[in-house]
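One file, query-v3.cif, carrying mmCIF, C-alpha atoms and all ligand atoms:
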data_my_file
#
loop_
_atom_site.label_atom_id
_atom_site.label_comp_id
_atom_site.auth_asym_id
_atom_site.auth_seq_id
_atom_site.Cartn_x
_atom_site.Cartn_y
_atom_site.Cartn_z
CA MET A 1 22.64 0.76 1.01
CA ASP A 2 21.24 0.61 -2.55
CA SER A 3 18.74 3.18 -3.81
CA HIS A 4 15.93 0.61 -4.06
CA LEU A 5 16.17 -0.23 -0.37
CA ILE A 6 16.38 3.45 0.64
CA LEU A 7 13.28 4.25 -1.46
CA LYS A 8 11.44 1.31 0.03
CA ILE A 9 12.24 2.50 3.57
CA ILE A 10 11.02 6.04 2.70
CA HIS A 11 7.89 4.53 1.10
CA MET A 12 7.13 2.43 4.18
CA THR A 13 7.86 5.32 6.58
CA PHE A 14 5.40 7.61 4.81
CA GLY A 15 2.90 4.74 4.57
CA SER A 16 3.06 4.55 8.38
CA LEU A 17 2.73 8.35 8.65
CA ALA A 18 -0.35 8.28 6.39
CA LEU A 19 -1.89 5.59 8.60
CA ILE A 20 -1.10 7.39 11.87
CA THR A 21 -2.49 10.72 10.59
CA PHE A 22 -5.64 8.99 9.36
CA LEU A 23 -6.10 7.19 12.71
CA ILE A 24 -5.74 10.49 14.65
CA ARG A 25 -8.31 12.25 12.44
CA ALA A 26 -10.71 9.29 12.54
CA ALA A 27 -10.40 9.00 16.35
CA LEU A 28 -11.19 12.73 16.72
CA LEU A 29 -14.19 12.32 14.41
CA PHE A 30 -15.63 9.38 16.34
CA ARG A 31 -14.70 10.42 19.89
CA VAL A 32 -15.15 14.22 19.94
CA PRO A 33 -17.15 15.06 16.80
CA GLN A 34 -18.34 18.44 18.21
CA ASN A 35 -14.81 19.49 19.12
CA GLN A 36 -12.73 19.18 15.96
CA PRO A 37 -9.17 20.61 15.92
CA GLY A 38 -8.87 24.36 15.40
CA LYS A 39 -7.41 25.97 12.29
CA ALA A 40 -3.76 25.35 13.23
CA GLY A 41 -4.38 21.72 14.22
CA ARG A 42 -6.33 21.08 11.04
CA ILE A 43 -3.57 22.62 8.90
CA VAL A 44 -0.93 20.37 10.53
CA LEU A 45 -3.00 17.20 10.09
CA VAL A 46 -3.98 18.02 6.49
CA ALA A 47 -0.37 18.94 5.61
CA LEU A 48 0.93 15.66 7.08
CA GLN A 49 -1.70 13.71 5.18
CA HIS A 50 -1.00 15.46 1.86
CA LEU A 51 2.75 15.07 2.35
CA SER A 52 2.55 11.37 3.18
CA PHE A 53 0.25 10.49 0.25
CA THR A 54 2.35 12.56 -2.17
CA VAL A 55 5.60 10.89 -1.07
CA LEU A 56 3.88 7.46 -1.19
CA ILE A 57 2.80 8.02 -4.81
CA ILE A 58 6.17 9.42 -5.94
CA THR A 59 8.29 6.71 -4.25
CA GLY A 60 5.79 4.04 -5.40
CA MET A 61 6.14 5.21 -9.02
CA VAL A 62 9.95 5.19 -8.81
CA LEU A 63 9.94 1.72 -7.21
CA LEU A 64 7.67 0.54 -10.04
CA TYR A 65 10.09 2.03 -12.59
CA GLN A 66 13.04 0.32 -10.89
CA ASN A 67 11.10 -2.96 -11.06
CA GLN A 68 10.49 -2.32 -14.78
CA PHE A 69 6.74 -2.23 -14.07
CA VAL A 70 6.67 -5.98 -13.43
CA VAL A 71 3.99 -6.57 -10.78
CA GLN A 72 2.16 -9.51 -9.25
CA PRO A 73 -1.66 -9.65 -9.57
CA TRP A 74 -2.28 -8.58 -5.93
CA PHE A 75 -0.59 -5.26 -6.70
CA TYR A 76 -3.62 -4.17 -8.77
CA GLY A 77 -5.76 -4.75 -5.66
CA LYS A 78 -3.38 -2.52 -3.71
CA ILE A 79 -3.80 0.34 -6.20
CA ILE A 80 -7.61 -0.01 -6.21
CA LEU A 81 -7.66 0.06 -2.39
CA PHE A 82 -5.33 3.08 -2.43
CA VAL A 83 -7.83 4.97 -4.64
CA VAL A 84 -10.67 3.91 -2.30
CA ILE A 85 -8.68 5.22 0.69
CA LEU A 86 -8.09 8.58 -0.99
CA SER A 87 -11.72 9.10 -2.03
CA ALA A 88 -13.11 7.90 1.35
CA ILE A 89 -10.74 10.23 3.23
CA ILE A 90 -11.86 13.16 1.04
CA LYS A 91 -15.47 12.26 1.92
CA ALA A 92 -14.76 11.92 5.65
CA PHE A 93 -12.78 15.11 6.16
CA SER A 94 -14.10 17.38 3.42
CA LYS A 95 -14.50 21.10 4.21
CA ARG A 96 -17.94 20.97 2.61
CA ASP A 97 -21.04 20.85 4.76
CA MET A 98 -21.69 17.17 5.39
CA SER A 99 -23.56 15.19 8.02
CA LEU A 100 -21.62 13.46 10.79
CA ALA A 101 -23.03 10.11 9.66
CA GLN A 102 -21.64 10.65 6.14
CA ARG A 103 -18.26 11.58 7.55
CA LYS A 104 -18.19 8.53 9.82
CA ALA A 105 -19.17 6.30 6.88
CA GLY A 106 -16.27 7.75 4.86
CA ALA A 107 -13.81 7.16 7.72
CA PHE A 108 -15.11 3.60 8.17
CA VAL A 109 -14.68 2.77 4.46
CA ALA A 110 -11.14 4.25 4.53
CA ALA A 111 -10.28 2.15 7.62
CA VAL A 112 -11.49 -1.07 5.97
CA ALA A 113 -9.59 -0.23 2.76
CA PHE A 114 -6.42 0.55 4.76
CA ALA A 115 -6.70 -2.80 6.57
CA GLY A 116 -7.19 -4.58 3.22
CA LEU A 117 -4.18 -2.81 1.66
CA LEU A 118 -1.91 -3.67 4.60
CA THR A 119 -3.12 -7.29 4.50
CA LEU A 120 -2.22 -7.48 0.79
CA VAL A 121 1.20 -5.91 1.36
CA VAL A 122 2.02 -8.29 4.23
CA LEU A 123 0.56 -11.54 2.83
CA LYS A 124 1.31 -10.90 -0.88
CA PRO A 125 -1.26 -13.56 -1.87
CA ASP A 126 -0.62 -15.53 -5.05
CA PHE A 127 -3.57 -14.95 -7.43
CA SER A 128 -1.59 -15.98 -10.50
CA GLY A 129 -2.49 -19.69 -10.43
CA ASN A 130 1.25 -20.32 -10.41
CA ALA A 131 1.19 -22.56 -7.35
CA ALA A 132 2.72 -25.47 -9.29
CA SER A 133 5.83 -23.55 -10.35
CA GLN A 134 6.17 -22.17 -6.84
CA GLN A 135 6.23 -25.73 -5.53
CA ILE A 136 8.98 -26.50 -8.05
CA ALA A 137 10.86 -23.45 -6.81
CA GLN A 138 10.60 -24.63 -3.23
CA SER A 139 11.67 -28.19 -4.03
CA ALA A 140 14.56 -26.87 -6.17
CA ALA A 141 15.85 -25.01 -3.15
CA VAL A 142 16.30 -28.31 -1.27
CA ASP A 143 17.05 -30.60 -4.25
CA PRO A 144 19.99 -29.54 -6.47
CA GLN A 145 19.26 -32.46 -8.83
CA ILE A 146 16.21 -30.66 -10.17
CA GLN A 147 15.45 -31.08 -13.91
CA PRO A 148 16.74 -28.34 -16.29
CA MET A 149 13.21 -27.59 -17.59
CA GLN A 150 12.00 -27.10 -14.04
CA GLN A 151 14.96 -24.84 -13.36
CA ASN A 152 13.81 -22.56 -16.21
CA GLN A 153 10.40 -22.28 -14.60
CA LEU A 154 12.10 -21.56 -11.31
CA THR A 155 14.09 -18.69 -12.82
CA SER A 156 11.07 -16.94 -14.32
CA THR A 157 9.09 -17.33 -11.12
CA THR A 158 11.95 -16.04 -9.00
CA VAL A 159 12.48 -12.97 -11.21
CA ARG A 160 8.79 -12.05 -11.06
CA GLN A 161 8.67 -12.58 -7.32
CA SER A 162 11.67 -10.44 -6.55
CA ALA A 163 10.68 -7.75 -9.05
CA THR A 164 7.74 -6.33 -7.11
CA ASN A 165 6.50 -7.17 -3.66
C1 LIG B 201 -1.37 3.72 1.81
C2 LIG B 201 -0.68 3.41 0.75
C3 LIG B 201 0.51 2.47 0.70
C4 LIG B 201 1.09 1.71 1.68
C5 LIG B 201 0.69 1.61 3.16
C6 LIG B 201 2.18 0.99 1.07
C7 LIG B 201 3.01 0.14 1.75
C8 LIG B 201 4.06 -0.57 1.17
C9 LIG B 201 4.94 -1.47 1.88
C10 LIG B 201 4.87 -1.77 3.39
C11 LIG B 201 5.79 -2.00 0.97
C12 LIG B 201 6.93 -2.99 1.24
C13 LIG B 201 6.43 -4.41 1.01
C14 LIG B 201 7.52 -5.43 1.23
O1 LIG B 201 8.53 -5.37 0.57
O2 LIG B 201 7.31 -6.34 2.02
C15 LIG B 201 5.46 -1.44 -0.32
C16 LIG B 201 6.10 -1.75 -1.50
C17 LIG B 201 5.80 -1.19 -2.72
N1 LIG B 201 4.86 -0.21 -2.97
FE1 LIG B 201 3.58 0.57 -1.65
N2 LIG B 201 2.25 1.32 -0.26
C18 LIG B 201 1.24 2.23 -0.54
C19 LIG B 201 0.96 2.83 -1.75
C20 LIG B 201 1.64 2.60 -2.92
C21 LIG B 201 1.37 3.23 -4.19
C22 LIG B 201 0.28 4.28 -4.41
C23 LIG B 201 2.25 2.71 -5.10
C24 LIG B 201 2.41 3.01 -6.58
C25 LIG B 201 2.24 4.17 -7.12
C26 LIG B 201 3.09 1.75 -4.40
C27 LIG B 201 4.10 1.01 -4.98
C28 LIG B 201 4.89 0.09 -4.32
C29 LIG B 201 5.89 -0.73 -4.96
C30 LIG B 201 6.24 -0.73 -6.46
C31 LIG B 201 6.46 -1.54 -3.97
C32 LIG B 201 7.48 -2.66 -4.17
C33 LIG B 201 8.89 -2.32 -3.80
C34 LIG B 201 9.75 -3.57 -4.03
O3 LIG B 201 9.76 -4.45 -3.18
O4 LIG B 201 10.38 -3.64 -5.05
N3 LIG B 201 2.69 1.72 -3.09
N4 LIG B 201 4.40 -0.57 -0.18
#
Go through the file and emit its structure as structure tokens.
Amino acid sequence: MDSHLILKIIHMTFGSLALITFLIRAALLFRVPQNQPGKAGRIVLVALQHLSFTVLIITGMVLLYQNQFVVQPWFYGKIILFVVILSAIIKAFSKRDMSLAQRKAGAFVAAVAFAGLLTLVVLKPDFSGNAASQQIAQSAAVDPQIQPMQQNQLTSTTVRQSATN
């Protein structure tokens, strides 16, 4: 297995761990707000959350480096949503004295941002306005007689697409 694939699997595993930890903490906040986990439980949940976000950032940076920092436009949305998730989670589960309504609002914003990030990662929407060259790429796959100029467009599109998903 090549290092890119291994990193991607680690990245996705810790992405899932970050989501699961967040869902557990959010469920506890909404379902049993007066009965939050004790010190040991809180330490475990916070440690898992810190670990998963740290590994996500490190593996994400290395994946970006391996892709020579070539990204598609939706990737910028992913990073913005990631920052929103981090700041909303800090708001929701901060040690500081904060009202339950504020905490719930933070958890709600984080949940919406998580859903948006996962939607982007799964759908990888094309915001580049490159639909025409993508059509050429698709028709080239079924028609080997494609024009040389169109083949050049196909190559650049294919490189960008495979560089970062
Ligand atoms: C909650 C946060 C995140 C989640 C859930 C997440 C999830 C994922 C998933 C599922 C993929 C695989 C997509 C696919 O190939 O179909 C992926 C790829 C990738 N992620 Fe993330 N990610 C997160 C944060 C980040 C961050 C913070 C960075 C950058 C610092 C990053 C950089 C990348 C890169 C560069 C790839 C492309 C790998 C490739 O196909 O070459 N991710 N991410």
- request: Set the cut-off to 7 Å, count all atoms listed in the file, and list whatever residues fall near ligand LIG 201 (chain B) as a list of chain:residue names.
  value: A:Lys8, A:His11, A:Met12, A:Gly15, A:Ser16, A:Ala18, A:Leu56, A:Ile57, A:Ile58, A:Gly60, A:Met61, A:Leu63, A:Leu64, A:Asn67, A:Ile79, A:Phe82, A:Phe114, A:Leu117, A:Leu118, A:Val121, A:Val122, A:Ala163, A:Thr164, A:Asn165
task: Rounded to one decimal place, report the atom CA of A:Lys104-atom CA of A:Phe30 distance in Å.
output: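 Distance reported for this atom pair: 7.1 Å.
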query: Which residue gives the smallest distance to A:Ile80 among A:Phe53, A:Leu45, A:Leu100, A:Gly116, with only C-alpha atoms counted?
result: A:Gly116
- line: Restricting to only C-alpha atoms, whichever of A:Leu17, A:Ile89, A:Val71, A:Ile6 is closest to A:Thr59 is A:Ile6
- prompt: atom CA of A:Trp74 to atom CA of A:Val46: how many Å, to one decimal?
  reply: 29.4 Å
- request: Go through A:Val62, A:Ile90, A:Met98, A:Val112 and flag the residue nearest A:Ser3, using only C-alpha atoms for the distances.
  value: A:Val62
Please enclose the listed atoms of stretch 112-128 of chain A in an axis-aligned box, pad each side by 5 Å, and write out the centre and the three edge lengths in Å, rounded to one decimal, as AutoDock Vina command-line options.
--center_x -4.7 --center_y -7.7 --center_z -2.0 --size_x 23.5 --size_y 26.5 --size_z 27.1
Atom pair atom CA of A:Ile20 / atom CA of A:Lys91: separation (Å):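 Atom-to-atom, atom CA of A:Ile20 and atom CA of A:Lys91 are spaced 18.1 Å apart.
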field: All residues 9 Å or closer to A:Phe93, all atoms listed in the file, same chain fewer than 2 positions away omitted, as a PyMOL selection string
entry: chain A and resi 25-26+29+88-91+95-96+103+106-107
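Of the listed residues (A:Val83, A:Ala47, A:Leu123, A:Leu19), A:Leu19 comes nearest to A:Ala111; the distances count all atoms listed in the file.
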Quick one: stretch 72-83 of chain A with all heavy atoms, as an mmCIF file, keeping the file's coordinate frame?
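Output file out.cif follows:
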data_model
loop_
_atom_site.group_PDB
_atom_site.id
_atom_site.type_symbol
_atom_site.label_atom_id
_atom_site.label_comp_id
_atom_site.auth_asym_id
_atom_site.auth_seq_id
_atom_site.Cartn_x
_atom_site.Cartn_y
_atom_site.Cartn_z
ATOM 1 N N GLN A 72 2.983 -8.316 -9.453
ATOM 2 C CA GLN A 72 2.160 -9.510 -9.250
ATOM 3 C C GLN A 72 0.687 -9.083 -9.201
ATOM 4 O O GLN A 72 0.389 -7.918 -8.912
ATOM 5 C CB GLN A 72 2.554 -10.180 -7.935
ATOM 6 C CG GLN A 72 3.936 -10.807 -8.027
ATOM 7 C CD GLN A 72 4.346 -11.481 -6.740
ATOM 8 O OE1 GLN A 72 3.494 -11.883 -5.953
ATOM 9 N NE2 GLN A 72 5.638 -11.601 -6.525
ATOM 10 N N PRO A 73 -0.239 -10.031 -9.480
ATOM 11 C CA PRO A 73 -1.660 -9.650 -9.570
ATOM 12 C C PRO A 73 -2.192 -8.903 -8.336
ATOM 13 O O PRO A 73 -2.993 -7.987 -8.472
ATOM 14 C CB PRO A 73 -2.363 -10.992 -9.745
ATOM 15 C CG PRO A 73 -1.352 -11.859 -10.409
ATOM 16 C CD PRO A 73 -0.017 -11.433 -9.860
ATOM 17 N N TRP A 74 -1.739 -9.252 -7.119
ATOM 18 C CA TRP A 74 -2.280 -8.580 -5.930
ATOM 19 C C TRP A 74 -1.980 -7.089 -5.925
ATOM 20 O O TRP A 74 -2.677 -6.309 -5.268
ATOM 21 C CB TRP A 74 -1.754 -9.242 -4.648
ATOM 22 C CG TRP A 74 -0.269 -9.136 -4.437
ATOM 23 C CD1 TRP A 74 0.663 -10.075 -4.724
ATOM 24 C CD2 TRP A 74 0.459 -8.022 -3.887
ATOM 25 N NE1 TRP A 74 1.916 -9.617 -4.398
ATOM 26 C CE2 TRP A 74 1.822 -8.360 -3.881
ATOM 27 C CE3 TRP A 74 0.091 -6.762 -3.404
ATOM 28 C CZ2 TRP A 74 2.815 -7.502 -3.421
ATOM 29 C CZ3 TRP A 74 1.080 -5.898 -2.944
ATOM 30 C CH2 TRP A 74 2.424 -6.280 -2.941
ATOM 31 N N PHE A 75 -0.966 -6.677 -6.686
ATOM 32 C CA PHE A 75 -0.590 -5.260 -6.700
ATOM 33 C C PHE A 75 -1.729 -4.389 -7.241
ATOM 34 O O PHE A 75 -1.940 -3.264 -6.796
ATOM 35 C CB PHE A 75 0.688 -5.078 -7.525
ATOM 36 C CG PHE A 75 1.240 -3.689 -7.449
ATOM 37 C CD1 PHE A 75 2.017 -3.290 -6.380
ATOM 38 C CD2 PHE A 75 0.953 -2.765 -8.439
ATOM 39 C CE1 PHE A 75 2.504 -1.997 -6.290
ATOM 40 C CE2 PHE A 75 1.447 -1.476 -8.368
ATOM 41 C CZ PHE A 75 2.223 -1.089 -7.291
ATOM 42 N N TYR A 76 -2.495 -4.946 -8.221
ATOM 43 C CA TYR A 76 -3.620 -4.170 -8.770
ATOM 44 C C TYR A 76 -4.661 -3.911 -7.671
ATOM 45 O O TYR A 76 -5.271 -2.843 -7.619
ATOM 46 C CB TYR A 76 -4.253 -4.904 -9.961
ATOM 47 C CG TYR A 76 -3.265 -5.102 -11.093
ATOM 48 C CD1 TYR A 76 -2.747 -6.364 -11.399
ATOM 49 C CD2 TYR A 76 -2.810 -4.019 -11.842
ATOM 50 C CE1 TYR A 76 -1.822 -6.542 -12.414
ATOM 51 C CE2 TYR A 76 -1.888 -4.180 -12.857
ATOM 52 C CZ TYR A 76 -1.398 -5.449 -13.135
ATOM 53 O OH TYR A 76 -0.466 -5.598 -14.128
ATOM 54 N N GLY A 77 -4.852 -4.925 -6.802
ATOM 55 C CA GLY A 77 -5.760 -4.750 -5.660
ATOM 56 C C GLY A 77 -5.276 -3.630 -4.758
ATOM 57 O O GLY A 77 -6.066 -2.821 -4.260
ATOM 58 N N LYS A 78 -3.955 -3.572 -4.566
ATOM 59 C CA LYS A 78 -3.380 -2.520 -3.710
ATOM 60 C C LYS A 78 -3.691 -1.130 -4.271
ATOM 61 O O LYS A 78 -4.090 -0.233 -3.541
ATOM 62 C CB LYS A 78 -1.867 -2.739 -3.617
ATOM 63 C CG LYS A 78 -1.128 -1.643 -2.880
ATOM 64 C CD LYS A 78 0.357 -1.952 -2.774
ATOM 65 C CE LYS A 78 1.108 -0.737 -2.277
ATOM 66 N NZ LYS A 78 2.514 -0.980 -2.011
ATOM 67 N N ILE A 79 -3.551 -0.980 -5.595
ATOM 68 C CA ILE A 79 -3.800 0.340 -6.200
ATOM 69 C C ILE A 79 -5.284 0.699 -6.096
ATOM 70 O O ILE A 79 -5.642 1.841 -5.791
ATOM 71 C CB ILE A 79 -3.325 0.349 -7.680
ATOM 72 C CG1 ILE A 79 -1.798 0.139 -7.738
ATOM 73 C CG2 ILE A 79 -3.697 1.654 -8.368
ATOM 74 C CD1 ILE A 79 -0.983 1.163 -6.957
ATOM 75 N N ILE A 80 -6.171 -0.295 -6.326
ATOM 76 C CA ILE A 80 -7.610 -0.010 -6.210
ATOM 77 C C ILE A 80 -7.941 0.434 -4.777
ATOM 78 O O ILE A 80 -8.636 1.431 -4.547
ATOM 79 C CB ILE A 80 -8.447 -1.252 -6.606
ATOM 80 C CG1 ILE A 80 -8.300 -1.510 -8.105
ATOM 81 C CG2 ILE A 80 -9.921 -1.068 -6.241
ATOM 82 C CD1 ILE A 80 -8.835 -2.840 -8.575
ATOM 83 N N LEU A 81 -7.389 -0.297 -3.792
ATOM 84 C CA LEU A 81 -7.660 0.060 -2.390
ATOM 85 C C LEU A 81 -7.077 1.440 -2.057
ATOM 86 O O LEU A 81 -7.664 2.190 -1.273
ATOM 87 C CB LEU A 81 -7.086 -1.001 -1.453
ATOM 88 C CG LEU A 81 -7.865 -2.326 -1.458
ATOM 89 C CD1 LEU A 81 -7.151 -3.388 -0.628
ATOM 90 C CD2 LEU A 81 -9.275 -2.114 -0.922
ATOM 91 N N PHE A 82 -5.939 1.759 -2.672
ATOM 92 C CA PHE A 82 -5.330 3.080 -2.430
ATOM 93 C C PHE A 82 -6.283 4.184 -2.927
ATOM 94 O O PHE A 82 -6.494 5.185 -2.234
ATOM 95 C CB PHE A 82 -3.977 3.165 -3.144
ATOM 96 C CG PHE A 82 -3.243 4.446 -2.880
ATOM 97 C CD1 PHE A 82 -2.739 4.734 -1.629
ATOM 98 C CD2 PHE A 82 -3.060 5.380 -3.895
ATOM 99 C CE1 PHE A 82 -2.065 5.920 -1.378
ATOM 100 C CE2 PHE A 82 -2.383 6.565 -3.656
ATOM 101 C CZ PHE A 82 -1.884 6.842 -2.395
ATOM 102 N N VAL A 83 -6.877 3.976 -4.102
ATOM 103 C CA VAL A 83 -7.830 4.970 -4.640
ATOM 104 C C VAL A 83 -9.063 5.067 -3.733
ATOM 105 O O VAL A 83 -9.577 6.163 -3.463
ATOM 106 C CB VAL A 83 -8.225 4.604 -6.092
ATOM 107 C CG1 VAL A 83 -9.304 5.537 -6.611
ATOM 108 C CG2 VAL A 83 -7.002 4.658 -7.007
#
